[in-house]
Amino acid sequence: MDALLSERPIWFSTGPLMNMEEAQDMEDFSYHRPVLATETLELLDPRAGSLILDGTCGGGGHTEAILQAGADVLALDQDPDALEFARARLTNFAGHVTLERANFREAGAVLDRLGMAQIGGALLDLGVSSRQLENADRGFSLMRNGPLDMRMDPRRELTAAEVINSYTEDELTRIFREYGEEPAARRVASQIVKSRKETPFHETLTLAKAIEKIVGRHGRRHPATQIFQALRMEVNDELGALEQGLREITARLKPDSRFAVITFHSLEDRIVKNFFRDRSREFLDRPEWPEPRPNPDYQLELITHKPVEPDALEQRTNPRARSAKLRVAERIG
């Protein structure tokens, strides 16, 4: 790795280092196992001594695998709880990992602040962790009651309660339809606006039960799943962060280094697919042009022409991996 980072002690952005007993206690509430771990490491191909950006450190599973491969890691996460967990997990890699509290959309600013011009690869795992879903106080859960929060970064001002209780019917319909791909978006939005006039929504189970009453229950999936997804994406500006993060990170990649992204639903995957495709075309052509023209955004070469998906064994042992898709591109020289 560059001397700049390899000579540094391990950095953490919040709080004291926990001891191993505390870390073991946290395992009872573990983050989800890293999805497509073997495939990601193989395709990312981290080189010994290179600096890899893990923009979504989470519980540190992918970060640890990259470190074990011999690379050094700049690990970002906007969730202080995730960094606390990763801090304990990665103590054996002091001097080879830097943890920073930041959204990956801020990758460029973090690299500038640390004096790092380029990186030798990057990974984004866009999934929500099991710990976040199961911690009722975070407001993501459909099964445990808690405040309607849903902020990945508690420093953000917008909460799910504010969205539900202050957005207009048209605004709610839009995010339920666009982010949640909810067929009953208009009907749910209309009923929520009527109900909140009498009693505003402040708790997760109150909202989940109200949505279930509106659309009914069909099959095993909770009827509020897509609405909760839409709220989470709105609160955290997840698609905006993804679009900005892809640009910021690609601009910092060294030639021949790779960028791997794991998505978990179609909206994210479409953005990644289009970004990689549009920047892997050397020439652009249109019917009205006399000949193809050079693509000013030509930066990448596709490594995966189709997304890599979990095999049957991983889907069976880790149900939350079922919708995962891995795409990888390489920075051209």
# chains A, B, ... in the order shown; residues from 1 in each chain; ligands from 1

call {"tool": "residues_around", "arguments": {"residues": "stretch 31-46 of chain A", "least_positions_apart": "6", "cutoff": "7 Å", "atoms": "only C-alpha atoms", "output": "PyMOL selection string"}}
result
chain A and resi 59+61-62+66+69+71+121+129-131+258-260+310+321

call {"tool": "write_last_selection", "arguments": {"atoms": "N, CA and C atoms", "output": "JSON list (two decimals), in the first residue's frame"}}
result
[["chain", "number", "residue", "atom", "x", "y", "z"],
["A", 59, "GLY", "N", -20.75, -4.36, 9.10],
["A", 59, "GLY", "CA", -20.11, -5.08, 10.20],
["A", 59, "GLY", "C", -18.67, -5.45, 9.93],
["A", 61, "GLY", "N", -17.45, -7.40, 7.34],
["A", 61, "GLY", "CA", -17.22, -8.71, 6.73],
["A", 61, "GLY", "C", -16.43, -8.64, 5.44],
["A", 62, "HIS", "N", -16.87, -7.82, 4.49],
["A", 62, "HIS", "CA", -16.12, -7.67, 3.25],
["A", 62, "HIS", "C", -14.76, -7.01, 3.50],
["A", 66, "ILE", "N", -11.00, -8.49, 2.42],
["A", 66, "ILE", "CA", -10.04, -7.74, 1.59],
["A", 66, "ILE", "C", -8.71, -7.61, 2.33],
["A", 69, "ALA", "N", -6.69, -10.67, 2.21],
["A", 69, "ALA", "CA", -6.08, -10.88, 0.89],
["A", 69, "ALA", "C", -4.78, -10.08, 0.73],
["A", 71, "ALA", "N", -4.49, -6.58, 0.98],
["A", 71, "ALA", "CA", -4.67, -5.16, 0.66],
["A", 71, "ALA", "C", -4.94, -4.36, 1.93],
["A", 121, "GLY", "N", -8.99, 0.15, -5.95],
["A", 121, "GLY", "CA", -10.21, -0.65, -6.09],
["A", 121, "GLY", "C", -11.27, -0.14, -5.14],
["A", 129, "SER", "N", -28.26, -3.99, 6.82],
["A", 129, "SER", "CA", -27.77, -5.08, 7.66],
["A", 129, "SER", "C", -28.88, -5.67, 8.52],
["A", 130, "SER", "N", -28.67, -6.92, 8.91],
["A", 130, "SER", "CA", -29.61, -7.58, 9.82],
["A", 130, "SER", "C", -29.72, -6.82, 11.13],
["A", 131, "ARG", "N", -28.59, -6.30, 11.60],
["A", 131, "ARG", "CA", -28.61, -5.56, 12.87],
["A", 131, "ARG", "C", -29.49, -4.31, 12.77],
["A", 258, "ARG", "N", -10.41, -2.17, -10.00],
["A", 258, "ARG", "CA", -11.80, -2.59, -10.22],
["A", 258, "ARG", "C", -12.77, -1.99, -9.19],
["A", 259, "PHE", "N", -14.00, -1.88, -9.64],
["A", 259, "PHE", "CA", -15.10, -1.32, -8.85],
["A", 259, "PHE", "C", -16.21, -2.37, -8.83],
["A", 260, "ALA", "N", -16.53, -2.87, -7.65],
["A", 260, "ALA", "CA", -17.56, -3.89, -7.48],
["A", 260, "ALA", "C", -18.73, -3.31, -6.70],
["A", 310, "PRO", "N", -26.21, -14.97, -6.15],
["A", 310, "PRO", "CA", -25.86, -16.03, -5.20],
["A", 310, "PRO", "C", -26.29, -17.40, -5.72],
["A", 321, "ALA", "N", -29.87, -12.92, 0.94],
["A", 321, "ALA", "CA", -28.99, -12.79, -0.22],
["A", 321, "ALA", "C", -29.71, -13.04, -1.53]]

call {"tool": "select_by_dssp", "arguments": {"residues": "stretch 15-239 of chain A", "states": "helix (DSSP H, G or I)", "output": "number ranges by chain"}}
result
A: 20-27, 37-44, 61-68, 80-89, 91-93, 104-114, 130-134, 136-138, 160-166, 169-178, 185-198, 204-215, 225-236, 238-239

call {"tool": "write_last_selection", "arguments": {"atoms": "C-alpha atoms", "output": "compact mmCIF listing (two decimals), in the first residue's frame"}}
result
# COMPACT_ATOMS: atom_id res chain seq x y z
CA MET A 20 -13.32 -8.59 23.08
CA GLU A 21 -16.03 -9.59 25.58
CA GLU A 22 -18.12 -6.65 24.37
CA ALA A 23 -17.40 -7.62 20.79
CA GLN A 24 -18.54 -11.17 21.50
CA ASP A 25 -21.74 -9.84 23.05
CA MET A 26 -22.36 -7.89 19.85
CA GLU A 27 -22.11 -11.11 17.81
CA ALA A 37 -18.13 -12.83 -0.45
CA THR A 38 -16.13 -15.34 -2.50
CA GLU A 39 -17.29 -13.99 -5.85
CA THR A 40 -16.70 -10.38 -4.80
CA LEU A 41 -13.16 -11.02 -3.62
CA GLU A 42 -12.32 -12.98 -6.77
CA LEU A 43 -13.67 -10.34 -9.15
CA LEU A 44 -12.46 -7.32 -7.19
CA GLY A 61 -17.22 -8.71 6.73
CA HIS A 62 -16.12 -7.67 3.25
CA THR A 63 -13.48 -5.35 4.71
CA GLU A 64 -11.96 -8.23 6.67
CA ALA A 65 -11.84 -10.46 3.57
CA ILE A 66 -10.04 -7.74 1.59
CA LEU A 67 -7.54 -7.23 4.43
CA GLN A 68 -6.90 -10.95 4.61
CA PRO A 80 -21.92 4.85 13.95
CA ASP A 81 -23.24 1.52 15.22
CA ALA A 82 -21.70 -0.23 12.20
CA LEU A 83 -18.33 1.42 12.82
CA GLU A 84 -18.44 0.38 16.48
CA PHE A 85 -18.95 -3.22 15.45
CA ALA A 86 -16.30 -3.10 12.71
CA ARG A 87 -13.85 -1.44 15.08
CA ALA A 88 -13.91 -4.48 17.37
CA ARG A 89 -13.81 -6.96 14.52
CA THR A 91 -8.44 -4.82 15.71
CA ASN A 92 -5.93 -7.37 14.36
CA PHE A 93 -5.40 -5.23 11.24
CA PHE A 104 -19.75 6.83 0.26
CA ARG A 105 -21.06 9.80 -1.73
CA GLU A 106 -18.47 11.79 0.24
CA ALA A 107 -15.60 9.49 -0.79
CA GLY A 108 -13.79 12.21 -2.72
CA ALA A 109 -13.85 14.63 0.21
CA VAL A 110 -12.63 11.94 2.63
CA LEU A 111 -9.78 10.97 0.31
CA ASP A 112 -8.79 14.62 -0.05
CA ARG A 113 -8.80 15.15 3.72
CA LEU A 114 -6.60 12.08 4.23
CA SER A 130 -29.61 -7.58 9.82
CA ARG A 131 -28.61 -5.56 12.87
CA GLN A 132 -30.25 -2.45 11.48
CA LEU A 133 -33.41 -4.36 10.59
CA GLU A 134 -33.64 -6.10 13.95
CA ALA A 136 -36.35 -1.67 16.89
CA ASP A 137 -34.92 1.69 17.98
CA ARG A 138 -33.67 2.36 14.44
CA ALA A 160 -39.69 8.53 8.33
CA ALA A 161 -42.20 10.09 10.75
CA GLU A 162 -41.70 13.48 9.13
CA VAL A 163 -42.18 12.00 5.67
CA ILE A 164 -45.35 10.15 6.62
CA ASN A 165 -46.87 13.04 8.55
CA SER A 166 -45.91 16.04 6.41
CA GLU A 169 -50.66 12.77 -0.93
CA ASP A 170 -48.99 13.28 -4.30
CA GLU A 171 -45.51 13.24 -2.76
CA LEU A 172 -46.24 10.06 -0.82
CA THR A 173 -47.72 8.42 -3.91
CA ARG A 174 -44.59 9.26 -5.87
CA ILE A 175 -42.11 7.77 -3.42
CA PHE A 176 -44.30 4.68 -2.77
CA ARG A 177 -44.56 4.11 -6.51
CA GLU A 178 -41.00 5.00 -7.55
CA ALA A 185 -49.32 3.54 -3.90
CA ARG A 186 -52.15 6.03 -4.44
CA ARG A 187 -54.60 4.16 -2.23
CA VAL A 188 -52.08 3.80 0.61
CA ALA A 189 -51.04 7.46 0.39
CA SER A 190 -54.64 8.67 0.38
CA GLN A 191 -55.59 6.64 3.45
CA ILE A 192 -52.46 7.65 5.35
CA VAL A 193 -53.19 11.34 4.76
CA LYS A 194 -56.74 10.84 6.07
CA SER A 195 -55.65 8.83 9.11
CA ARG A 196 -52.85 11.16 10.19
CA LYS A 197 -55.28 14.09 10.52
CA GLU A 198 -56.76 12.36 13.54
CA THR A 204 -43.38 1.42 13.09
CA LEU A 205 -46.00 -1.17 14.02
CA THR A 206 -48.81 1.39 13.99
CA LEU A 207 -47.91 2.27 10.40
CA ALA A 208 -47.34 -1.35 9.37
CA LYS A 209 -50.75 -2.40 10.71
CA ALA A 210 -52.44 0.55 9.00
CA ILE A 211 -50.89 -0.44 5.65
CA GLU A 212 -51.88 -4.06 6.16
CA LYS A 213 -55.46 -2.96 6.76
CA ILE A 214 -55.43 -0.92 3.54
CA VAL A 215 -53.95 -3.50 1.14
CA THR A 225 -42.51 -4.17 3.07
CA GLN A 226 -42.42 -2.04 -0.08
CA ILE A 227 -43.73 1.06 1.67
CA PHE A 228 -41.07 0.75 4.37
CA GLN A 229 -38.43 0.33 1.66
CA ALA A 230 -39.66 3.49 -0.04
CA LEU A 231 -39.57 5.47 3.20
CA ARG A 232 -36.04 4.29 3.99
CA MET A 233 -34.82 5.27 0.53
CA GLU A 234 -36.42 8.70 0.79
CA VAL A 235 -35.09 9.41 4.28
CA ASN A 236 -31.53 8.45 3.31
CA GLU A 238 -30.23 6.31 -1.29
CA LEU A 239 -30.53 6.63 -5.05

call {"tool": "atom_distance", "arguments": {"atom1": "atom CA of A:Leu246", "atom2": "atom CA of A:Thr159"}}
result
25.0 Å

call {"tool": "select_by_dssp", "arguments": {"residues": "stretch 150-271 of chain A", "states": "strand (DSSP E)", "output": "ChimeraX atom specification"}}
result
/A:253-263

call {"tool": "write_last_selection", "arguments": {"atoms": "C-alpha atoms", "output": "PDB file, in the first residue's frame"}}
result
ATOM      1  CA  LEU A 253      -9.697   4.677  -9.339  1.00  0.00           C
ATOM      2  CA  LYS A 254      -6.195   3.930 -10.545  1.00  0.00           C
ATOM      3  CA  PRO A 255      -5.888   2.427 -14.039  1.00  0.00           C
ATOM      4  CA  ASP A 256      -6.584  -1.339 -14.087  1.00  0.00           C
ATOM      5  CA  SER A 257      -8.288  -1.243 -10.670  1.00  0.00           C
ATOM      6  CA  ARG A 258     -11.800  -2.587 -10.215  1.00  0.00           C
ATOM      7  CA  PHE A 259     -15.095  -1.321  -8.854  1.00  0.00           C
ATOM      8  CA  ALA A 260     -17.559  -3.895  -7.475  1.00  0.00           C
ATOM      9  CA  VAL A 261     -21.143  -3.045  -6.509  1.00  0.00           C
ATOM     10  CA  ILE A 262     -23.689  -5.350  -4.839  1.00  0.00           C
ATOM     11  CA  THR A 263     -27.323  -4.271  -5.145  1.00  0.00           C
TER      12      THR A 263
END

call {"tool": "closest_residue", "arguments": {"among": "A:Ile271, A:Val128, A:Leu90, A:Leu123", "to": "A:Arg320", "atoms": "only C-alpha atoms"}}
result
A:Val128

call {"tool": "atom_distance", "arguments": {"atom1": "atom CA of A:Arg279", "atom2": "atom CA of A:Leu124"}}
result
17.8 Å

call {"tool": "closest_residue", "arguments": {"among": "A:Val328, A:Arg221, A:Asp72, A:Gly139", "to": "A:Arg151", "atoms": "only C-alpha atoms"}}
result
A:Gly139

call {"tool": "decode", "arguments": {"residues": "stretch 242-287 of chain A", "atoms": "N, CA and C atoms", "output": "compact mmCIF listing (two decimals), in the first residue's frame"}}
result
# COMPACT_ATOMS: atom_id res chain seq x y z
N LEU A 242 -26.20 6.96 -4.38
CA LEU A 242 -25.60 5.98 -5.27
C LEU A 242 -25.09 6.64 -6.54
N GLU A 243 -25.90 7.47 -7.16
CA GLU A 243 -25.48 8.13 -8.40
C GLU A 243 -24.24 9.00 -8.17
N GLN A 244 -24.23 9.76 -7.09
CA GLN A 244 -23.07 10.61 -6.79
C GLN A 244 -21.86 9.76 -6.43
N GLY A 245 -22.08 8.73 -5.63
CA GLY A 245 -20.98 7.88 -5.19
C GLY A 245 -20.30 7.17 -6.35
N LEU A 246 -21.07 6.69 -7.31
CA LEU A 246 -20.48 6.03 -8.47
C LEU A 246 -19.54 6.97 -9.21
N ARG A 247 -19.96 8.22 -9.37
CA ARG A 247 -19.11 9.20 -10.06
C ARG A 247 -17.86 9.52 -9.25
N GLU A 248 -18.05 9.79 -7.95
CA GLU A 248 -16.93 10.18 -7.08
C GLU A 248 -15.88 9.08 -7.03
N ILE A 249 -16.32 7.85 -6.86
CA ILE A 249 -15.38 6.74 -6.67
C ILE A 249 -14.68 6.39 -7.98
N THR A 250 -15.41 6.35 -9.08
CA THR A 250 -14.80 6.03 -10.36
C THR A 250 -13.69 7.02 -10.70
N ALA A 251 -13.91 8.27 -10.38
CA ALA A 251 -12.92 9.30 -10.69
C ALA A 251 -11.61 9.10 -9.93
N ARG A 252 -11.65 8.35 -8.81
CA ARG A 252 -10.46 8.15 -7.99
C ARG A 252 -9.76 6.82 -8.23
N LEU A 253 -10.29 5.98 -9.09
CA LEU A 253 -9.70 4.68 -9.34
C LEU A 253 -8.41 4.79 -10.15
N LYS A 254 -7.41 4.04 -9.75
CA LYS A 254 -6.19 3.93 -10.55
C LYS A 254 -6.48 3.10 -11.79
N PRO A 255 -5.72 3.29 -12.87
CA PRO A 255 -5.89 2.43 -14.04
C PRO A 255 -5.74 0.95 -13.67
N ASP A 256 -6.58 0.12 -14.27
CA ASP A 256 -6.58 -1.34 -14.09
C ASP A 256 -7.14 -1.78 -12.74
N SER A 257 -7.65 -0.85 -11.93
CA SER A 257 -8.29 -1.24 -10.67
C SER A 257 -9.78 -1.44 -10.89
N ARG A 258 -10.41 -2.17 -10.00
CA ARG A 258 -11.80 -2.59 -10.22
C ARG A 258 -12.77 -1.99 -9.19
N PHE A 259 -14.00 -1.88 -9.64
CA PHE A 259 -15.10 -1.32 -8.85
C PHE A 259 -16.21 -2.37 -8.83
N ALA A 260 -16.53 -2.87 -7.65
CA ALA A 260 -17.56 -3.89 -7.48
C ALA A 260 -18.73 -3.31 -6.70
N VAL A 261 -19.94 -3.56 -7.17
CA VAL A 261 -21.14 -3.04 -6.51
C VAL A 261 -22.15 -4.17 -6.36
N ILE A 262 -22.65 -4.36 -5.13
CA ILE A 262 -23.69 -5.35 -4.84
C ILE A 262 -24.98 -4.60 -4.56
N THR A 263 -26.01 -4.90 -5.33
CA THR A 263 -27.32 -4.27 -5.14
C THR A 263 -28.34 -5.31 -4.69
N PHE A 264 -29.49 -4.80 -4.19
CA PHE A 264 -30.50 -5.71 -3.66
C PHE A 264 -31.90 -5.45 -4.19
N HIS A 265 -32.07 -4.45 -5.04
CA HIS A 265 -33.36 -4.33 -5.72
C HIS A 265 -33.15 -3.64 -7.06
N SER A 266 -34.18 -3.69 -7.87
CA SER A 266 -34.06 -3.33 -9.28
C SER A 266 -33.67 -1.88 -9.51
N LEU A 267 -34.12 -0.96 -8.66
CA LEU A 267 -33.80 0.45 -8.87
C LEU A 267 -32.29 0.71 -8.74
N GLU A 268 -31.69 0.12 -7.70
CA GLU A 268 -30.25 0.25 -7.53
C GLU A 268 -29.51 -0.41 -8.68
N ASP A 269 -29.91 -1.63 -9.01
CA ASP A 269 -29.21 -2.38 -10.05
C ASP A 269 -29.27 -1.66 -11.39
N ARG A 270 -30.41 -1.04 -11.68
CA ARG A 270 -30.56 -0.32 -12.95
C ARG A 270 -29.58 0.86 -13.02
N ILE A 271 -29.42 1.57 -11.90
CA ILE A 271 -28.50 2.70 -11.88
C ILE A 271 -27.07 2.22 -12.11
N VAL A 272 -26.67 1.16 -11.42
CA VAL A 272 -25.30 0.64 -11.56
C VAL A 272 -25.08 0.10 -12.97
N LYS A 273 -26.04 -0.67 -13.47
CA LYS A 273 -25.94 -1.23 -14.81
C LYS A 273 -25.75 -0.13 -15.85
N ASN A 274 -26.58 0.90 -15.79
CA ASN A 274 -26.51 1.99 -16.76
C ASN A 274 -25.21 2.79 -16.63
N PHE A 275 -24.78 3.01 -15.39
CA PHE A 275 -23.54 3.77 -15.16
C PHE A 275 -22.36 3.03 -15.77
N PHE A 276 -22.22 1.74 -15.46
CA PHE A 276 -21.11 0.95 -15.99
C PHE A 276 -21.20 0.85 -17.51
N ARG A 277 -22.41 0.64 -18.04
CA ARG A 277 -22.57 0.51 -19.49
C ARG A 277 -22.20 1.81 -20.21
N ASP A 278 -22.71 2.93 -19.70
CA ASP A 278 -22.49 4.21 -20.38
C ASP A 278 -21.02 4.61 -20.37
N ARG A 279 -20.28 4.17 -19.37
CA ARG A 279 -18.86 4.55 -19.28
C ARG A 279 -17.93 3.46 -19.80
N SER A 280 -18.50 2.43 -20.41
CA SER A 280 -17.67 1.38 -21.01
C SER A 280 -17.77 1.40 -22.55
N ARG A 281 -18.46 2.40 -23.09
CA ARG A 281 -18.57 2.55 -24.54
C ARG A 281 -17.51 3.53 -25.03
N GLU A 282 -16.62 3.05 -25.87
CA GLU A 282 -15.56 3.92 -26.37
C GLU A 282 -16.11 4.97 -27.33
N PHE A 283 -17.14 4.59 -28.09
CA PHE A 283 -17.73 5.51 -29.06
C PHE A 283 -19.24 5.56 -28.88
N LEU A 284 -19.81 6.71 -29.22
CA LEU A 284 -21.26 6.90 -29.22
C LEU A 284 -21.73 7.09 -30.66
N ASP A 285 -22.93 6.61 -30.93
CA ASP A 285 -23.45 6.74 -32.30
C ASP A 285 -24.93 7.09 -32.24
N ARG A 286 -25.34 7.96 -33.13
CA ARG A 286 -26.74 8.33 -33.28
C ARG A 286 -27.08 8.36 -34.75
N PRO A 287 -28.36 8.10 -35.08
CA PRO A 287 -28.74 8.06 -36.50
C PRO A 287 -28.43 9.35 -37.25
